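Peer 1: The structure under discussion is supplied below as structure tokens; questions concerning it will follow.
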Amino acid sequence: MKLMSFEQGGRQAWGVVRGEEVVDLSGVWPDMRTALEDGVGRIAQEAGRAGMPCTPLAGLQWLPPVPNPRKILCVGLNYGRHVLEAGRELPAHPSLFIRYADSFVGHGQDMWKPRASDRYDYEGELAVVIGRAGRHIAARDALAHVAGYTCMAENSVRDFQKHNAQVTPGKNFERSGALGPWLVTADEIGDPARLRVMTRLNGETLQQGEVSDLIFPIAELIAYISAFTPLSPGDVIATGTPEGVGSSRKPPRFMAVGDTLEVDIPGVGTLVNRVADEPAPAHQEQGDAHG
């Protein structure tokens, strides 16, 4: 199944994609995160009931598949060649950082180039969505805790990322990343190691990576993360970006207003977003109007 969240007429909703429409399940569960707590099987059962309301995909505003995750955890430097291009040594443990939900938009929505920086870099990634809660999950059992997979434009604001040893500022600018277009349930993917991540900027392929090349595979990431924090349905784990990021190119290549970024993972989907200028704060606009 493909599960998506959307907004229509000021109302947030979610459901199961069927062809060119979505079966709206908001009347059964208020959001996807709540539904995942009851399991993908229950979602399929409800979506298959006769008479469920359907909405055409055309005209909907796409949201991140899980708009309100309790946790978004991202892994840095998890492809060997990306580690080399960054001039780093292979890590002994996953390098983790946290993202906030408001740093992401959905498929088709504008990402904001930060007003504070011109070093806005692209990063395509496979993201994992947790479906079954757990703590101290063994690697051998980890994939049974996965609800599904989605595409992530994780992106980075490189100068803010490197202000100090903590990358948090460069990873959490408002609307600087994207998730979507939907969550593809794990039963349709099978072994995620067979997936391939590609990133295109204005139609040019700049990143390509095989998930089988991850330094820390998905099962090991889940085991490591759940060793220190409980994982809950709807939590998102970004698995890392392949080589080819803009900051490592000579000369560097960063995103600009008007660019179109695509993260394409065959079997999962293609996430497409345009880059727009971060708008001025409302108080500044008011000041300009009176100036």
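The chains in the structure tokens are called A, B, ... from first to last as shown; in each chain the residues are counted from 1, and the ligands are counted from 1 in the order shown.
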Going by DSSP on the backbone, which bits of segment 69-148 of chain A are strand (DSSP E)? Write them as a ChimeraX atom specification, please.

Peer 2: /A:72-76,95-98,104-105,111-113,120-121,124-130,146-148

Peer 1: Could you take the residues named above and write them with N, CA and C atoms, as a PDB file, in the first residue's frame?

Peer 2:
ATOM      1  N   ILE A  72      12.324  12.271  14.799  1.00  0.00           N
ATOM      2  CA  ILE A  72      12.983  12.143  13.494  1.00  0.00           C
ATOM      3  C   ILE A  72      14.472  12.057  13.774  1.00  0.00           C
ATOM      4  N   LEU A  73      15.050  10.892  13.506  1.00  0.00           N
ATOM      5  CA  LEU A  73      16.478  10.669  13.751  1.00  0.00           C
ATOM      6  C   LEU A  73      17.173  10.449  12.417  1.00  0.00           C
ATOM      7  N   CYS A  74      18.272  11.140  12.219  1.00  0.00           N
ATOM      8  CA  CYS A  74      18.998  11.082  10.949  1.00  0.00           C
ATOM      9  C   CYS A  74      20.411  10.562  11.172  1.00  0.00           C
ATOM     10  N   VAL A  75      20.910   9.818  10.198  1.00  0.00           N
ATOM     11  CA  VAL A  75      22.242   9.232  10.265  1.00  0.00           C
ATOM     12  C   VAL A  75      23.144   9.961   9.273  1.00  0.00           C
ATOM     13  N   GLY A  76      24.248  10.460   9.750  1.00  0.00           N
ATOM     14  CA  GLY A  76      25.212  11.096   8.864  1.00  0.00           C
ATOM     15  C   GLY A  76      26.320  10.127   8.475  1.00  0.00           C
ATOM     16  N   SER A  95      26.565   7.995  13.308  1.00  0.00           N
ATOM     17  CA  SER A  95      26.578   9.405  13.680  1.00  0.00           C
ATOM     18  C   SER A  95      25.148   9.923  13.568  1.00  0.00           C
ATOM     19  N   LEU A  96      24.528  10.240  14.695  1.00  0.00           N
ATOM     20  CA  LEU A  96      23.106  10.563  14.738  1.00  0.00           C
ATOM     21  C   LEU A  96      22.864  12.025  15.095  1.00  0.00           C
ATOM     22  N   PHE A  97      21.809  12.577  14.523  1.00  0.00           N
ATOM     23  CA  PHE A  97      21.336  13.900  14.920  1.00  0.00           C
ATOM     24  C   PHE A  97      19.818  13.927  14.780  1.00  0.00           C
ATOM     25  N   ILE A  98      19.204  14.936  15.377  1.00  0.00           N
ATOM     26  CA  ILE A  98      17.758  15.057  15.438  1.00  0.00           C
ATOM     27  C   ILE A  98      17.273  16.132  14.471  1.00  0.00           C
ATOM     28  N   PHE A 104      10.541  20.080   7.589  1.00  0.00           N
ATOM     29  CA  PHE A 104      10.164  19.329   6.395  1.00  0.00           C
ATOM     30  C   PHE A 104       8.839  19.797   5.825  1.00  0.00           C
ATOM     31  N   VAL A 105       8.736  19.703   4.501  1.00  0.00           N
ATOM     32  CA  VAL A 105       7.472  19.897   3.793  1.00  0.00           C
ATOM     33  C   VAL A 105       7.148  18.608   3.038  1.00  0.00           C
ATOM     34  N   MET A 111      10.393  24.176  -0.801  1.00  0.00           N
ATOM     35  CA  MET A 111      11.385  24.223   0.269  1.00  0.00           C
ATOM     36  C   MET A 111      11.949  25.641   0.295  1.00  0.00           C
ATOM     37  N   TRP A 112      12.381  26.083   1.481  1.00  0.00           N
ATOM     38  CA  TRP A 112      12.885  27.447   1.599  1.00  0.00           C
ATOM     39  C   TRP A 112      14.396  27.482   1.641  1.00  0.00           C
ATOM     40  N   LYS A 113      14.977  28.232   0.723  1.00  0.00           N
ATOM     41  CA  LYS A 113      16.404  28.549   0.834  1.00  0.00           C
ATOM     42  C   LYS A 113      16.543  29.553   1.973  1.00  0.00           C
ATOM     43  N   TYR A 120      23.239  26.122   0.757  1.00  0.00           N
ATOM     44  CA  TYR A 120      22.081  25.236   0.922  1.00  0.00           C
ATOM     45  C   TYR A 120      22.281  24.007   0.031  1.00  0.00           C
ATOM     46  N   ASP A 121      22.593  22.891   0.655  1.00  0.00           N
ATOM     47  CA  ASP A 121      23.035  21.692  -0.058  1.00  0.00           C
ATOM     48  C   ASP A 121      21.926  20.643  -0.128  1.00  0.00           C
ATOM     49  N   GLY A 124      19.755  13.495  -0.918  1.00  0.00           N
ATOM     50  CA  GLY A 124      18.687  12.518  -1.089  1.00  0.00           C
ATOM     51  C   GLY A 124      18.923  11.297  -0.215  1.00  0.00           C
ATOM     52  N   GLU A 125      17.851  10.791   0.399  1.00  0.00           N
ATOM     53  CA  GLU A 125      17.993   9.663   1.317  1.00  0.00           C
ATOM     54  C   GLU A 125      16.747   8.771   1.305  1.00  0.00           C
ATOM     55  N   LEU A 126      16.949   7.522   1.706  1.00  0.00           N
ATOM     56  CA  LEU A 126      15.849   6.622   2.039  1.00  0.00           C
ATOM     57  C   LEU A 126      15.515   6.819   3.506  1.00  0.00           C
ATOM     58  N   ALA A 127      14.232   7.006   3.805  1.00  0.00           N
ATOM     59  CA  ALA A 127      13.792   7.141   5.191  1.00  0.00           C
ATOM     60  C   ALA A 127      12.912   5.956   5.575  1.00  0.00           C
ATOM     61  N   VAL A 128      13.081   5.508   6.797  1.00  0.00           N
ATOM     62  CA  VAL A 128      12.344   4.377   7.362  1.00  0.00           C
ATOM     63  C   VAL A 128      11.291   4.925   8.322  1.00  0.00           C
ATOM     64  N   VAL A 129      10.067   4.387   8.247  1.00  0.00           N
ATOM     65  CA  VAL A 129       9.015   4.775   9.186  1.00  0.00           C
ATOM     66  C   VAL A 129       8.698   3.576  10.070  1.00  0.00           C
ATOM     67  N   ILE A 130       8.780   3.777  11.368  1.00  0.00           N
ATOM     68  CA  ILE A 130       8.538   2.704  12.329  1.00  0.00           C
ATOM     69  C   ILE A 130       7.036   2.397  12.418  1.00  0.00           C
ATOM     70  N   VAL A 146       9.309  -2.191  11.114  1.00  0.00           N
ATOM     71  CA  VAL A 146       9.209  -1.158  10.082  1.00  0.00           C
ATOM     72  C   VAL A 146       7.828  -1.191   9.445  1.00  0.00           C
ATOM     73  N   ALA A 147       7.157  -0.024   9.407  1.00  0.00           N
ATOM     74  CA  ALA A 147       5.876   0.083   8.700  1.00  0.00           C
ATOM     75  C   ALA A 147       6.104   0.244   7.207  1.00  0.00           C
ATOM     76  N   GLY A 148       7.115   1.038   6.846  1.00  0.00           N
ATOM     77  CA  GLY A 148       7.354   1.272   5.428  1.00  0.00           C
ATOM     78  C   GLY A 148       8.479   2.260   5.200  1.00  0.00           C
TER      79      GLY A 148
END

Peer 1: So which residues touch Ile189 of chain A within 9 Å, counting only C-alpha atoms, skipping near sequence neighbours fewer than 3 positions away, as a VMD selection string?

Peer 2: chain A and resid 148 to 149 184 to 186 192 194 to 195 267 to 268

Peer 1: Measuring atom to atom with only C-alpha atoms, identify which of A:Asn78, A:Ser117, A:Asp235, A:Asn273 is nearest to Glu210 of chain A.

Peer 2: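 Closest to Glu210 of chain A, using only C-alpha atoms: A:Asn78.
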
Peer 1: If DSSP is run on the backbone, what residues of segment 126-274 of chain A are helix (DSSP H, G or I)? A reply as an MDAnalysis selection string would be ideal.

Peer 2: chainID A and resid 139:145 158:161 168:171 186:189 192:194 211:213 218:228 246:248

Peer 1: Could you work out how far atom CA of Gln12 of chain A lies from atom CA of Val40 of chain A, giving the answer in Å with one decimal?

Peer 2: 20.3 Å

Peer 1: Using only C-alpha atoms, find the one residue out of A:Val83, A:Ala139, A:Ala13, A:Leu271 that sits nearest to Gly106 of chain A.

Peer 2: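 Among the listed residues, A:Leu271 lies closest to Gly106 of chain A.
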
Peer 1: At a cut-off of 10 Å, using only C-alpha atoms, what residues contact Arg140 of chain A? Leave out same-chain residues fewer than 3 positions from it and give the result as a list in words.

Peer 2: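 My reading of the contact set: Ile137, Leu143, Ala144, Ala219, Glu220 and Ala223 of chain A.
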
Peer 1: How would the residues just picked look written out with C-alpha atoms as a PDB file, in the first residue's frame?

Peer 2:
ATOM      1  CA  ILE A 137      15.300  -4.286  19.525  1.00  0.00           C
ATOM      2  CA  LEU A 143      12.757  -5.061  10.097  1.00  0.00           C
ATOM      3  CA  ALA A 144       9.582  -6.465  11.676  1.00  0.00           C
ATOM      4  CA  ALA A 219      18.429  -3.324  10.960  1.00  0.00           C
ATOM      5  CA  GLU A 220      21.613  -2.259  12.768  1.00  0.00           C
ATOM      6  CA  ALA A 223      18.994  -1.845  17.023  1.00  0.00           C
TER       7      ALA A 223
END

Peer 1: Given only C-alpha atoms as the basis, pick out the residue of A:Glu7, A:Glu174, A:Asp24, A:Glu37 nearest to Gly51 of chain A.

Peer 2: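 Ranked by minimum distance to Gly51 of chain A, first place goes to A:Asp24.
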
Peer 1: Let me make sure I understand: among A:Met32, A:Val263, A:Ala133, A:Val245, which one has the smallest atom-to-atom distance to Leu84 of chain A if we use only C-alpha atoms?

Peer 2: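 Ranking A:Met32, A:Val263, A:Ala133, A:Val245 by distance to Leu84 of chain A, first place goes to A:Val245.
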
Peer 1: Which is closest to Arg99 of chain A among A:Gln8, A:Gln45, A:Gln61, A:Ser176, if we use only C-alpha atoms?

Peer 2: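 Using only C-alpha atoms, the shortest distance to Arg99 of chain A belongs to A:Ser176.
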
Peer 1: Point out the residue among A:Arg249, A:His136, A:His107, A:His163 with the least atom-to-atom distance to Thr150 of chain A, counting only C-alpha atoms.

Peer 2: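 Once distances to Thr150 of chain A are computed over only C-alpha atoms, the minimum belongs to A:His107.
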
Peer 1: Just give me the gap between atom CA of Arg119 of chain A and atom CA of Thr241 of chain A in Å, one decimal is fine.

Peer 2: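 Atom-to-atom, atom CA of Arg119 of chain A to atom CA of Thr241 of chain A, that is 17.1 Å.
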
Peer 1: Could you pull the residues within 9 Å of Pro169 of chain A, counting only C-alpha atoms, minus those fewer than 5 positions along the same chain, as an MDAnalysis selection string?

Peer 2: chainID A and resid 157 160:163
